[in-house]
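Source file: structure22.csv. Holds: CSV, C-alpha atoms.
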chain,number,residue,atom,x,y,z
A,213,MET,CA,1.0,52.2,-26.8
A,214,LYS,CA,0.1,49.0,-28.8
A,215,LYS,CA,3.8,48.6,-29.6
A,216,LEU,CA,4.7,49.0,-26.0
A,217,PHE,CA,2.2,46.3,-24.9
A,218,LYS,CA,3.5,44.1,-27.7
A,219,PHE,CA,7.1,44.6,-26.6
A,220,ILE,CA,6.2,43.8,-23.0
A,221,GLY,CA,4.3,40.7,-24.1
A,222,ILE,CA,7.3,39.5,-26.1
A,223,ILE,CA,9.6,40.0,-23.1
A,224,LEU,CA,7.1,38.1,-20.8
A,225,LEU,CA,6.9,35.3,-23.3
A,226,LEU,CA,10.7,35.0,-23.6
A,227,LEU,CA,11.0,35.0,-19.8
A,228,MET,CA,8.4,32.2,-19.6
A,229,VAL,CA,10.2,30.2,-22.2
A,230,ALA,CA,13.6,30.7,-20.5
A,231,GLY,CA,12.0,29.8,-17.2
A,232,GLY,CA,10.5,26.7,-18.7
A,233,ILE,CA,13.8,25.7,-20.3
A,234,TYR,CA,15.6,26.3,-17.0
A,235,TYR,CA,13.0,24.2,-15.1
A,236,PHE,CA,13.1,21.2,-17.3
A,237,ALA,CA,17.0,21.4,-17.5
A,238,ASN,CA,17.5,21.5,-13.8
A,239,ASN,CA,14.5,19.9,-12.2
A,240,GLU,CA,15.2,16.5,-10.6
A,241,PRO,CA,12.6,14.1,-9.5
A,242,LEU,CA,12.7,13.0,-5.8
A,243,PRO,CA,14.8,9.9,-5.6
A,244,LYS,CA,13.5,6.7,-4.1
A,245,GLY,CA,15.6,5.2,-1.4
A,246,LYS,CA,15.7,2.1,0.8
A,247,LYS,CA,14.3,2.5,4.3
A,248,GLY,CA,15.1,0.4,7.3
A,249,LYS,CA,18.0,-0.5,9.5
A,250,GLU,CA,20.7,0.3,7.0
A,251,ALA,CA,19.4,3.8,6.5
A,252,ASP,CA,19.3,4.3,10.3
A,253,ALA,CA,22.8,2.9,10.6
A,254,LEU,CA,24.1,5.5,8.1
A,255,ALA,CA,22.2,8.2,10.0
A,256,ILE,CA,23.9,7.2,13.2
A,257,LYS,CA,27.3,7.4,11.5
A,258,MET,CA,26.4,10.9,10.4
A,259,PHE,CA,25.3,11.7,14.0
A,260,ASN,CA,28.6,10.5,15.4
A,261,ALA,CA,30.6,12.5,12.8
A,262,ILE,CA,28.9,15.8,13.7
A,263,ASN,CA,29.1,15.1,17.5
A,264,HIS,CA,25.4,15.1,18.1
A,265,GLN,CA,25.7,14.6,21.8
A,266,ALA,CA,27.5,18.0,22.1
A,267,PHE,CA,24.6,19.6,20.3
A,268,GLU,CA,22.1,18.0,22.6
A,269,ASN,CA,24.0,19.5,25.6
A,270,ALA,CA,24.5,22.9,24.1
A,271,GLU,CA,22.9,25.7,26.1
A,272,VAL,CA,23.0,28.8,23.9
A,273,LEU,CA,23.2,29.2,20.1
A,274,GLU,CA,23.5,32.6,18.3
A,275,TRP,CA,23.4,33.4,14.6
A,276,SER,CA,21.8,35.6,12.0
A,277,PHE,CA,20.2,34.9,8.7
A,278,ARG,CA,21.2,36.9,5.6
A,279,GLY,CA,22.0,39.9,7.9
A,280,LYS,CA,18.3,40.5,8.5
A,281,ASN,CA,17.0,38.1,11.2
A,282,TYR,CA,19.0,37.7,14.5
A,283,TYR,CA,18.6,34.9,17.0
A,284,LYS,CA,19.8,33.9,20.5
A,285,TRP,CA,18.4,30.4,21.2
A,286,TYR,CA,18.4,29.2,24.9
A,287,LYS,CA,18.1,25.7,23.7
A,288,GLN,CA,17.7,23.9,27.1
A,289,ASP,CA,15.1,26.4,28.2
A,290,GLY,CA,13.1,26.3,24.9
A,291,LYS,CA,13.3,30.1,24.5
A,292,VAL,CA,14.5,32.3,21.6
A,293,ASP,CA,15.3,36.0,21.5
A,294,VAL,CA,14.4,37.1,17.9
A,295,ILE,CA,15.1,40.4,16.2
A,296,LEU,CA,13.3,40.9,12.9
A,297,GLY,CA,14.1,44.4,11.7
A,298,ASP,CA,13.1,46.8,14.5
A,299,ASP,CA,10.9,44.2,16.2
A,300,LYS,CA,12.0,42.2,19.2
A,301,ILE,CA,10.2,38.9,20.0
A,302,LEU,CA,10.7,36.4,22.8
A,303,LEU,CA,9.6,33.0,21.6
A,304,ASN,CA,8.6,30.4,24.1
A,305,LEU,CA,8.9,27.2,22.0
A,306,ASN,CA,7.4,25.1,24.8
A,307,ASP,CA,4.3,27.3,25.2
A,308,LEU,CA,3.8,29.8,22.5
A,309,SER,CA,1.1,31.5,24.6
A,310,LYS,CA,3.9,32.7,26.9
A,311,SER,CA,5.8,34.4,24.0
A,312,LYS,CA,6.2,38.1,24.1
A,313,ALA,CA,5.9,40.4,21.1
A,314,PRO,CA,4.2,43.7,20.0
A,315,SER,CA,1.5,41.6,18.3
A,316,THR,CA,0.3,38.1,17.9
A,317,GLU,CA,1.1,38.3,14.2
A,318,LEU,CA,4.8,38.9,15.0
A,319,ILE,CA,4.9,35.8,17.2
A,320,ASP,CA,3.6,33.7,14.2
A,321,LYS,CA,6.1,35.5,11.9
A,322,ALA,CA,9.0,35.0,14.3
A,323,LEU,CA,8.2,31.3,14.7
A,324,LYS,CA,8.0,30.7,10.9
A,325,ASN,CA,11.3,32.5,10.5
A,326,PHE,CA,12.9,30.6,13.3
A,327,ASN,CA,11.8,27.3,11.9
A,328,ASN,CA,13.4,28.2,8.5
A,329,ASP,CA,16.5,30.0,9.7
A,330,SER,CA,17.4,27.6,12.4
A,331,PHE,CA,17.1,24.7,9.9
A,332,TRP,CA,19.9,26.3,7.9
A,333,LEU,CA,22.0,26.2,11.1
A,334,VAL,CA,21.2,22.8,12.6
A,335,ALA,CA,19.6,20.7,10.0
A,336,PRO,CA,22.2,17.9,10.3
A,337,PHE,CA,21.2,17.4,13.9
A,338,LYS,CA,17.5,17.0,13.0
A,339,ILE,CA,17.7,13.7,11.1
A,340,PHE,CA,16.1,11.8,13.9
A,341,ASP,CA,13.4,14.3,14.8
A,342,LYS,CA,9.9,13.1,15.4
A,343,GLY,CA,8.1,12.7,12.0
A,344,THR,CA,11.3,12.1,10.0
A,345,GLU,CA,11.8,9.2,7.6
A,346,ARG,CA,15.3,8.0,6.5
A,347,SER,CA,16.3,6.2,3.3
A,348,ILE,CA,19.6,5.3,1.6
A,349,VAL,CA,20.0,6.6,-1.9
A,350,LYS,CA,22.9,6.0,-4.3
A,351,HIS,CA,24.5,9.3,-5.3
A,352,ASN,CA,27.5,9.2,-7.6
A,353,ASN,CA,27.9,5.5,-6.6
A,354,LYS,CA,28.1,6.3,-2.9
A,355,ASP,CA,25.5,6.1,-0.1
A,356,ALA,CA,23.6,9.3,0.6
A,357,LEU,CA,21.0,9.9,3.3
A,358,LEU,CA,17.5,11.0,2.3
A,359,ILE,CA,15.5,12.7,5.0
A,360,THR,CA,11.8,13.4,4.6
A,361,TYR,CA,9.9,15.4,7.1
A,362,LYS,CA,6.5,13.9,7.3
A,363,SER,CA,5.4,16.3,10.0
A,364,GLY,CA,6.6,19.2,12.1
A,365,GLY,CA,8.2,22.5,11.3
A,366,SER,CA,6.6,25.0,8.9
A,367,THR,CA,6.7,22.9,5.7
A,368,PRO,CA,6.0,19.2,6.3
A,369,GLY,CA,6.7,17.0,3.4
A,370,ASP,CA,10.1,18.5,2.4
A,371,SER,CA,12.9,16.2,1.6
A,372,TYR,CA,16.7,16.6,1.8
A,373,LEU,CA,19.4,14.3,0.4
A,374,TRP,CA,22.5,14.6,2.5
A,375,ILE,CA,25.9,14.1,0.7
A,376,LEU,CA,28.5,12.7,3.0
A,377,ASP,CA,32.3,12.6,2.9
A,378,GLU,CA,34.4,9.5,3.6
A,379,ASN,CA,34.0,10.2,7.4
A,380,TYR,CA,30.2,10.5,7.1
A,381,PHE,CA,30.4,14.3,7.6
A,382,PRO,CA,27.8,16.3,5.6
A,383,THR,CA,29.2,18.4,2.8
A,384,SER,CA,26.0,19.4,1.0
A,385,TYR,CA,22.4,18.5,0.4
A,386,LYS,CA,19.8,18.5,-2.4
A,387,MET,CA,16.4,19.8,-1.6
A,388,TRP,CA,12.8,19.0,-2.6
A,389,THR,CA,10.8,21.6,-0.8
A,390,SER,CA,7.4,23.4,-1.2
A,391,ILE,CA,9.0,26.8,-1.3
A,392,ILE,CA,11.4,26.0,-4.2
A,393,PRO,CA,9.6,24.9,-7.3
A,394,ILE,CA,12.7,23.2,-8.8
A,395,GLY,CA,13.6,19.8,-7.3
A,396,GLY,CA,17.1,18.8,-6.5
A,397,VAL,CA,18.5,22.3,-5.9
A,398,SER,CA,21.8,21.8,-3.9
A,399,ALA,CA,23.3,23.8,-1.1
A,400,THR,CA,26.7,23.5,0.4
A,401,TRP,CA,27.4,22.6,4.0
A,402,SER,CA,31.2,23.2,4.0
A,403,ASP,CA,32.0,26.5,5.7
A,404,TRP,CA,31.9,25.1,9.2
A,405,LYS,CA,33.0,26.8,12.4
A,406,LYS,CA,34.0,24.9,15.5
A,407,THR,CA,32.2,26.5,18.5
A,408,GLU,CA,33.0,26.7,22.2
A,409,ALA,CA,30.2,24.1,22.9
A,410,GLY,CA,32.2,21.5,20.9
A,411,ILE,CA,30.0,21.4,17.8
A,412,LYS,CA,30.6,22.6,14.3
A,413,LEU,CA,28.0,25.0,12.8
A,414,PRO,CA,27.9,26.4,9.2
A,415,THR,CA,28.7,30.1,8.6
A,416,LYS,CA,27.3,30.2,5.1
A,417,HIS,CA,25.7,28.2,2.3
A,418,LYS,CA,26.0,28.4,-1.5
A,419,LEU,CA,23.0,27.4,-3.5
A,420,SER,CA,23.1,26.0,-7.1
A,421,LEU,CA,20.0,28.2,-7.8
A,422,PHE,CA,21.3,31.3,-9.5
A,423,GLY,CA,24.5,31.2,-7.3
A,424,LEU,CA,22.6,32.4,-4.2
A,425,GLU,CA,24.5,32.6,-0.9
A,426,LEU,CA,23.1,32.5,2.6
A,427,ASN,CA,25.2,34.1,5.3
A,428,MET,CA,24.6,32.8,8.9
A,429,GLY,CA,26.4,35.8,10.5
A,430,GLU,CA,28.5,35.5,13.7
A,431,VAL,CA,27.8,31.9,14.7
A,432,LYS,CA,28.2,30.9,18.3
A,433,ALA,CA,27.3,28.0,20.6
A,434,TYR,CA,28.3,27.9,24.2
A,435,ASN,CA,27.3,26.6,27.6
A,436,LYS,CA,26.6,29.6,29.8
A,437,LYS,CA,25.7,27.7,33.0
A,438,ALA,CA,28.6,25.3,32.7
A,439,ASN,CA,30.9,28.2,32.2
A,440,GLU,CA,29.6,29.9,35.3
A,441,LEU,CA,30.1,26.7,37.3
A,442,SER,CA,33.6,26.4,35.9
A,443,HIS,CA,34.5,29.9,37.0
A,444,LYS,CA,33.3,29.1,40.5
A,445,ILE,CA,35.7,26.1,40.6
A,446,LEU,CA,38.6,28.2,39.4
A,447,LYS,CA,37.9,30.8,42.0
A,448,ALA,CA,37.8,28.2,44.7
A,449,ILE,CA,41.2,26.6,43.7
A,450,LYS,CA,42.8,30.1,43.4
A,451,HIS,CA,43.4,29.7,39.6
A,452,LYS,CA,44.6,33.3,39.3
A,453,ASN,CA,47.6,32.4,41.5
A,454,TYR,CA,48.1,29.2,39.5
A,455,LYS,CA,48.5,31.2,36.3
A,456,LYS,CA,51.2,33.3,38.1
A,457,THR,CA,53.0,30.3,39.6
A,458,ARG,CA,56.3,29.7,37.8
A,459,TYR,CA,57.5,26.4,39.3
A,460,LEU,CA,55.6,23.2,40.2
A,461,GLU,CA,57.2,20.2,41.8
A,462,TRP,CA,55.6,16.8,42.6
A,463,SER,CA,56.1,13.1,42.2
A,464,PHE,CA,53.8,10.3,40.9
A,465,ALA,CA,53.3,7.2,43.1
A,466,GLY,CA,56.9,7.7,44.3
A,467,LYS,CA,58.2,6.5,40.9
A,468,ARG,CA,58.5,9.6,38.8
A,469,HIS,CA,59.6,13.1,39.8
A,470,PHE,CA,58.9,16.4,38.2
A,471,LYS,CA,60.0,20.0,38.2
A,472,TRP,CA,58.1,22.1,35.8
A,473,ASP,CA,59.1,25.6,34.8
A,474,LYS,CA,55.7,26.8,33.6
A,475,GLU,CA,57.0,30.2,32.3
A,476,LYS,CA,59.5,28.6,29.9
A,477,HIS,CA,57.4,25.4,29.6
A,478,ILE,CA,60.4,23.1,30.4
A,479,VAL,CA,60.0,20.0,32.5
A,480,ALA,CA,62.7,18.0,34.3
A,481,ILE,CA,61.4,14.5,34.6
A,482,SER,CA,63.3,11.6,36.3
A,483,TRP,CA,62.5,7.9,36.6
A,484,ASP,CA,64.7,4.9,37.0
A,485,ASP,CA,68.1,5.8,35.5
A,486,TYR,CA,66.7,8.4,33.2
A,487,ARG,CA,66.3,12.2,33.4
A,488,VAL,CA,64.8,14.1,30.6
A,489,ASN,CA,64.7,17.9,30.2
A,490,LEU,CA,61.5,18.0,28.2
A,491,PHE,CA,60.3,20.8,25.9
A,492,PRO,CA,56.6,19.7,25.5
A,493,ALA,CA,56.0,22.4,22.8
A,494,ASP,CA,59.1,21.4,20.8
A,495,ILE,CA,60.2,17.9,21.9
A,496,GLU,CA,63.2,17.9,19.5
A,497,LYS,CA,64.9,20.4,21.8
A,498,SER,CA,64.6,17.9,24.7
A,499,THR,CA,67.7,16.4,26.2
A,500,VAL,CA,68.1,12.9,27.7
A,501,TYR,CA,70.4,11.8,30.5
A,502,PHE,CA,71.1,8.2,31.5
A,503,LYS,CA,72.7,7.7,34.9
A,504,ASP,CA,73.4,11.5,34.9
A,505,GLU,CA,75.3,11.2,31.6
A,506,LYS,CA,74.0,13.3,28.7
A,507,GLN,CA,73.1,11.2,25.6
A,508,GLU,CA,74.6,12.8,22.5
A,509,ILE,CA,72.1,11.0,20.3
A,510,GLN,CA,68.6,11.4,21.6
A,511,ASP,CA,66.6,8.3,22.1
A,512,GLU,CA,63.3,9.3,20.5
A,513,LYS,CA,61.4,6.5,22.4
A,514,ILE,CA,62.6,7.9,25.7
A,515,VAL,CA,61.6,11.5,24.8
A,516,LYS,CA,58.2,10.3,23.6
A,517,ARG,CA,57.8,8.3,26.8
A,518,ALA,CA,58.7,11.4,28.8
A,519,TRP,CA,56.1,13.4,26.9
A,520,ASN,CA,53.4,10.8,27.6
A,521,ILE,CA,54.4,10.6,31.3
A,522,PHE,CA,54.2,14.3,31.7
A,523,ASN,CA,50.8,14.5,30.0
A,524,ASN,CA,49.4,11.8,32.3
A,525,ASP,CA,51.1,12.7,35.6
A,526,SER,CA,50.6,16.5,35.4
A,527,PHE,CA,46.9,15.9,34.7
A,528,TRP,CA,46.5,14.3,38.1
A,529,LEU,CA,48.0,17.5,39.6
A,530,VAL,CA,46.5,20.3,37.7
A,531,ALA,CA,43.4,19.0,35.8
A,532,PRO,CA,41.0,21.4,37.6
A,533,HIS,CA,43.1,24.3,36.4
A,534,LYS,CA,42.6,23.2,32.7
A,535,LEU,CA,38.9,23.8,32.4
A,536,PHE,CA,39.2,26.5,29.8
A,537,ASP,CA,42.1,25.0,27.8
A,538,ASP,CA,41.6,25.0,24.0
A,539,GLY,CA,39.5,22.1,22.9
A,540,VAL,CA,37.7,21.7,26.2
A,541,VAL,CA,33.9,21.3,26.2
A,542,ARG,CA,32.1,22.0,29.5
A,543,ASN,CA,28.6,20.7,30.3
A,544,ILE,CA,26.4,20.6,33.4
A,545,GLU,CA,25.5,17.1,34.7
A,546,LYS,CA,23.3,16.2,37.6
A,547,ILE,CA,24.9,13.8,40.2
A,548,ASN,CA,22.6,13.0,43.1
A,549,GLY,CA,20.5,16.0,42.4
A,550,LYS,CA,23.5,18.5,42.4
A,551,ASP,CA,25.3,20.2,39.6
A,552,ALA,CA,28.5,18.5,38.5
A,553,LEU,CA,30.7,19.6,35.6
A,554,ARG,CA,31.4,17.3,32.7
A,555,VAL,CA,34.6,18.2,30.9
A,556,THR,CA,35.4,16.6,27.6
A,557,TYR,CA,38.9,17.1,26.0
A,558,THR,CA,38.3,17.1,22.2
A,559,THR,CA,42.0,17.9,21.4
A,560,GLY,CA,45.4,17.8,22.9
A,561,GLY,CA,47.1,15.4,25.4
A,562,THR,CA,47.6,11.8,24.5
A,563,THR,CA,44.0,10.6,24.5
A,564,PRO,CA,41.6,13.3,23.0
A,565,GLY,CA,38.0,12.4,23.5
A,566,ASP,CA,38.3,11.4,27.2
A,567,ALA,CA,35.7,13.0,29.6
A,568,TYR,CA,35.6,13.6,33.3
A,569,VAL,CA,32.6,14.5,35.5
A,570,TRP,CA,33.8,16.7,38.4
A,571,ILE,CA,31.9,16.3,41.7
A,572,LEU,CA,32.3,19.4,44.0
A,573,ASP,CA,32.1,20.1,47.7
A,574,SER,CA,30.0,23.0,49.1
A,575,THR,CA,32.8,25.5,48.3
A,576,PHE,CA,33.2,24.3,44.7
A,577,VAL,CA,36.5,22.6,45.3
A,578,PRO,CA,36.6,19.3,43.4
A,579,LYS,CA,36.4,16.3,45.7
A,580,SER,CA,36.3,13.5,43.1
A,581,TYR,CA,35.5,12.8,39.4
A,582,LYS,CA,34.2,10.0,37.3
A,583,MET,CA,36.3,9.0,34.3
A,584,TYR,CA,35.0,8.2,30.9
A,585,LEU,CA,37.8,7.2,28.6
A,586,LYS,CA,37.3,7.1,24.8
A,587,ASN,CA,39.0,3.7,24.6
A,588,GLY,CA,36.2,2.3,26.8
A,589,ARG,CA,38.4,1.0,29.5
A,590,MET,CA,36.7,3.3,32.0
A,591,ASN,CA,33.1,4.2,32.0
A,592,GLY,CA,32.3,6.2,35.1
A,593,THR,CA,35.3,5.0,37.1
A,594,PRO,CA,35.6,7.2,40.2
A,595,ALA,CA,38.7,8.8,41.7
A,596,THR,CA,39.0,11.2,44.6
A,597,TRP,CA,40.8,14.5,44.6
A,598,GLU,CA,41.8,15.0,48.2
A,599,ASP,CA,44.2,16.5,50.7
A,600,TRP,CA,44.4,19.8,48.9
A,601,ILE,CA,47.2,22.2,50.0
A,602,THR,CA,47.7,25.9,49.4
A,603,THR,CA,51.1,26.3,47.9
A,604,GLU,CA,53.7,29.0,48.5
A,605,SER,CA,52.4,30.7,45.4
A,606,GLY,CA,48.9,30.7,46.7
A,607,THR,CA,47.2,28.2,44.5
A,608,LEU,CA,45.4,25.0,45.5
A,609,LEU,CA,46.7,21.6,44.4
A,610,PRO,CA,45.8,18.0,45.4
A,611,THR,CA,48.3,15.7,47.1
A,612,ASN,CA,46.4,12.4,47.1
A,613,HIS,CA,43.9,10.4,45.1
A,614,THR,CA,41.9,7.3,46.0
A,615,PHE,CA,40.5,4.8,43.6
A,616,GLU,CA,38.0,1.9,43.8
A,617,LYS,CA,39.0,-0.8,46.3
A,618,GLY,CA,41.0,1.8,48.3
A,619,ARG,CA,44.0,2.0,46.0
A,620,LYS,CA,46.0,5.2,46.7
A,621,LEU,CA,47.9,7.5,44.4
A,622,SER,CA,50.3,9.9,46.1
A,623,MET,CA,51.5,13.1,44.4
A,624,GLY,CA,54.4,13.3,46.8
A,625,THR,CA,55.7,16.6,48.2
A,626,VAL,CA,53.7,19.1,46.1
A,627,LYS,CA,55.2,22.5,45.7
A,628,GLY,CA,54.2,25.7,43.8
A,629,TYR,CA,56.4,28.8,44.0
A,630,ASN,CA,57.9,31.7,42.0
Can you turn what I pasted into structure tokens?
Amino acid sequence: MKKLFKFIGIILLLLMVAGGIYYFANNEPLPKGKKGKEADALAIKMFNAINHQAFENAEVLEWSFRGKNYYKWYKQDGKVDVILGDDKILLNLNDLSKSKAPSTELIDKALKNFNNDSFWLVAPFKIFDKGTERSIVKHNNKDALLITYKSGGSTPGDSYLWILDENYFPTSYKMWTSIIPIGGVSATWSDWKKTEAGIKLPTKHKLSLFGLELNMGEVKAYNKKANELSHKILKAIKHKNYKKTRYLEWSFAGKRHFKWDKEKHIVAISWDDYRVNLFPADIEKSTVYFKDEKQEIQDEKIVKRAWNIFNNDSFWLVAPHKLFDDGVVRNIEKINGKDALRVTYTTGGTTPGDAYVWILDSTFVPKSYKMYLKNGRMNGTPATWEDWITTESGTLLPTNHTFEKGRKLSMGTVKGYN
């Protein structure tokens, strides 16, 4: 028995020595940074890189943590559905007394888990939270952002050093926290997923501490109410019939004329002395005619111009039918106390980043929108969507628009048929 105790003692001693060696070899002191305007400016660049505005507008976030804890966060309402093992808890973050759970202890446990597990999902969006302190620290001769949480959450006093790429997007951080005894443990923020709500969220993290990995499960972010309003708009303008419509014809201010074979995605565009049979998905297949004579050597500038013209002029005809295109982010916005739909195009077209706020009539048909262009030339500029017609194919399309100072834009004789 004495030999057994002696053996156990030796093992414990060796573990303590190994632990001490590991601690002193890997522990890093908390770096000192420079606070002030420069640190806040770096934080703002990080905010812009991660599209913080889309996060602020996000309605619902879903994820899990290490396959054990599951969350559905109704962010705008301040409520969270939490599943911890076999227990289901409804957290009311605005008023914990209104939370629902089998016991008070489970509410406290759910809140503590939510604070930790949500941090691993949305920490980059919390760098300006109340009680945070920002500093610039040099890391590998580059600026890094040190965030210290002076108050709030479950573990006030924790610090995180964000490592940013050349576009100020976070790729990892180093941690100095109360629950990890070793300072400077790093974790990756690199396995990102672009969500329906327009924000990127991490799907997993790899820690430098013993190679641990944290899996965030099936990560989602979406805008439920905005999607519901979008579907009401599509129903009002007979979008199902639009999807089945093969041919669309219209003109733009009487200057450019179009016939679009939607099924084959070929557009005949004519203006001045030019006619282009445009293949938007493969513009190299396009053909150019000048004064009705086919050009054997394609003029790339003319084809590119036709592509730009089509993107712009078709938008004025079918934009309300594009609410669920890839790269489109939908949000609810209040205009004169009523729900309007903000649509932001994050990809595609000729000017990704542009946004439009759709104002609807009582039947959910768009009657106007406000334009917010990324280049800054328009910031809430209004335009009407009026004189809607029901085409032969059964969909609704506008025939006229009116701008500020009464300027008109006619879509000509609009047709939709099969």
> How far is it from atom CA of Ala552 of chain A to atom CA of Met583 of chain A, in Å with one decimal?
Replying inline: 13.0 Å
>> Quick one: residues within 7 Å of segment 410-413 of chain A, only C-alpha atoms, excluding same-chain residues fewer than 4 positions away - as a VMD selection string?
In response: chain A and resid 263 266 to 267 333 404 to 406 541
Okay, now the selection with C-alpha atoms, as a PDB file, in the coordinates of the input?
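Generated file (selection-v4.pdb):
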ATOM      1  CA  ASN A 263      29.100  15.100  17.500  1.00  0.00           C
ATOM      2  CA  ALA A 266      27.500  18.000  22.100  1.00  0.00           C
ATOM      3  CA  PHE A 267      24.600  19.600  20.300  1.00  0.00           C
ATOM      4  CA  LEU A 333      22.000  26.200  11.100  1.00  0.00           C
ATOM      5  CA  TRP A 404      31.900  25.100   9.200  1.00  0.00           C
ATOM      6  CA  LYS A 405      33.000  26.800  12.400  1.00  0.00           C
ATOM      7  CA  LYS A 406      34.000  24.900  15.500  1.00  0.00           C
ATOM      8  CA  VAL A 541      33.900  21.300  26.200  1.00  0.00           C
TER       9      VAL A 541
END
Residues near segment 438-452 of chain A, anyone? I mean within 12 Å using all atoms listed in the file, not counting same-chain ones fewer than 2 positions away, as a PDB file with C-alpha atoms, keeping the file's coordinate frame.
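What landed in result_7.pdb:
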ATOM      1  CA  ASN A 269      24.000  19.500  25.600  1.00  0.00           C
ATOM      2  CA  ALA A 270      24.500  22.900  24.100  1.00  0.00           C
ATOM      3  CA  GLU A 271      22.900  25.700  26.100  1.00  0.00           C
ATOM      4  CA  VAL A 272      23.000  28.800  23.900  1.00  0.00           C
ATOM      5  CA  GLU A 408      33.000  26.700  22.200  1.00  0.00           C
ATOM      6  CA  ALA A 409      30.200  24.100  22.900  1.00  0.00           C
ATOM      7  CA  TYR A 434      28.300  27.900  24.200  1.00  0.00           C
ATOM      8  CA  ASN A 435      27.300  26.600  27.600  1.00  0.00           C
ATOM      9  CA  LYS A 436      26.600  29.600  29.800  1.00  0.00           C
ATOM     10  CA  TYR A 454      48.100  29.200  39.500  1.00  0.00           C
ATOM     11  CA  LYS A 455      48.500  31.200  36.300  1.00  0.00           C
ATOM     12  CA  LYS A 456      51.200  33.300  38.100  1.00  0.00           C
ATOM     13  CA  THR A 457      53.000  30.300  39.600  1.00  0.00           C
ATOM     14  CA  VAL A 530      46.500  20.300  37.700  1.00  0.00           C
ATOM     15  CA  ALA A 531      43.400  19.000  35.800  1.00  0.00           C
ATOM     16  CA  PRO A 532      41.000  21.400  37.600  1.00  0.00           C
ATOM     17  CA  HIS A 533      43.100  24.300  36.400  1.00  0.00           C
ATOM     18  CA  LYS A 534      42.600  23.200  32.700  1.00  0.00           C
ATOM     19  CA  LEU A 535      38.900  23.800  32.400  1.00  0.00           C
ATOM     20  CA  PHE A 536      39.200  26.500  29.800  1.00  0.00           C
ATOM     21  CA  ASP A 537      42.100  25.000  27.800  1.00  0.00           C
ATOM     22  CA  VAL A 540      37.700  21.700  26.200  1.00  0.00           C
ATOM     23  CA  VAL A 541      33.900  21.300  26.200  1.00  0.00           C
ATOM     24  CA  ARG A 542      32.100  22.000  29.500  1.00  0.00           C
ATOM     25  CA  ASN A 543      28.600  20.700  30.300  1.00  0.00           C
ATOM     26  CA  ILE A 544      26.400  20.600  33.400  1.00  0.00           C
ATOM     27  CA  GLU A 545      25.500  17.100  34.700  1.00  0.00           C
ATOM     28  CA  LYS A 546      23.300  16.200  37.600  1.00  0.00           C
ATOM     29  CA  LYS A 550      23.500  18.500  42.400  1.00  0.00           C
ATOM     30  CA  ASP A 551      25.300  20.200  39.600  1.00  0.00           C
ATOM     31  CA  ALA A 552      28.500  18.500  38.500  1.00  0.00           C
ATOM     32  CA  LEU A 553      30.700  19.600  35.600  1.00  0.00           C
ATOM     33  CA  ARG A 554      31.400  17.300  32.700  1.00  0.00           C
ATOM     34  CA  VAL A 555      34.600  18.200  30.900  1.00  0.00           C
ATOM     35  CA  VAL A 569      32.600  14.500  35.500  1.00  0.00           C
ATOM     36  CA  TRP A 570      33.800  16.700  38.400  1.00  0.00           C
ATOM     37  CA  ILE A 571      31.900  16.300  41.700  1.00  0.00           C
ATOM     38  CA  LEU A 572      32.300  19.400  44.000  1.00  0.00           C
ATOM     39  CA  ASP A 573      32.100  20.100  47.700  1.00  0.00           C
ATOM     40  CA  SER A 574      30.000  23.000  49.100  1.00  0.00           C
ATOM     41  CA  THR A 575      32.800  25.500  48.300  1.00  0.00           C
ATOM     42  CA  PHE A 576      33.200  24.300  44.700  1.00  0.00           C
ATOM     43  CA  VAL A 577      36.500  22.600  45.300  1.00  0.00           C
ATOM     44  CA  PRO A 578      36.600  19.300  43.400  1.00  0.00           C
ATOM     45  CA  LYS A 579      36.400  16.300  45.700  1.00  0.00           C
ATOM     46  CA  TRP A 600      44.400  19.800  48.900  1.00  0.00           C
ATOM     47  CA  ILE A 601      47.200  22.200  50.000  1.00  0.00           C
ATOM     48  CA  THR A 602      47.700  25.900  49.400  1.00  0.00           C
ATOM     49  CA  THR A 603      51.100  26.300  47.900  1.00  0.00           C
ATOM     50  CA  SER A 605      52.400  30.700  45.400  1.00  0.00           C
ATOM     51  CA  GLY A 606      48.900  30.700  46.700  1.00  0.00           C
ATOM     52  CA  THR A 607      47.200  28.200  44.500  1.00  0.00           C
ATOM     53  CA  LEU A 608      45.400  25.000  45.500  1.00  0.00           C
ATOM     54  CA  LEU A 609      46.700  21.600  44.400  1.00  0.00           C
ATOM     55  CA  PRO A 610      45.800  18.000  45.400  1.00  0.00           C
TER      56      PRO A 610
END
>> Counting only C-alpha atoms, find residues at most 12 Å from (73.2, 9.0, 28.7) (file frame) and give them as a ChimeraX atom specification.
In response: /A:485-488,499-511,514
> Could you pull the residues within 12 Å of segment 238-247 of chain A, counting all atoms listed in the file, minus those fewer than 6 positions along the same chain, as a count of residues only?
Replying inline: 38
>> I'd like the interatomic distance between atom CA of Phe331 of chain A and atom CA of Gly539 of chain A, to a tenth of an Å.
In response: 26.0 Å
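All polymer residues at most 10 Å from (8.0, 11.0, 14.7), using all atoms listed in the file, appear as Phe340, Asp341, Lys342, Gly343, Thr344, Glu345, Tyr361, Lys362, Ser363 and Gly364 of chain A.
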> What separation in Å, quoted to one decimal, exists between atom CA of Thr383 of chain A and atom CA of Val294 of chain A?
Replying inline: 28.2 Å
> Which polymer residues have any atom within 9 Å of an atom of Thr611 of chain A, counting only C-alpha atoms, with same-chain residues fewer than 2 positions away left out, as a list in words?
Replying inline: Trp462, Leu529, Trp597, Glu598, Asp599, Trp600, Ile601, Leu609, His613, Leu621, Ser622, Met623, Gly624, Thr625 and Val626 of chain A
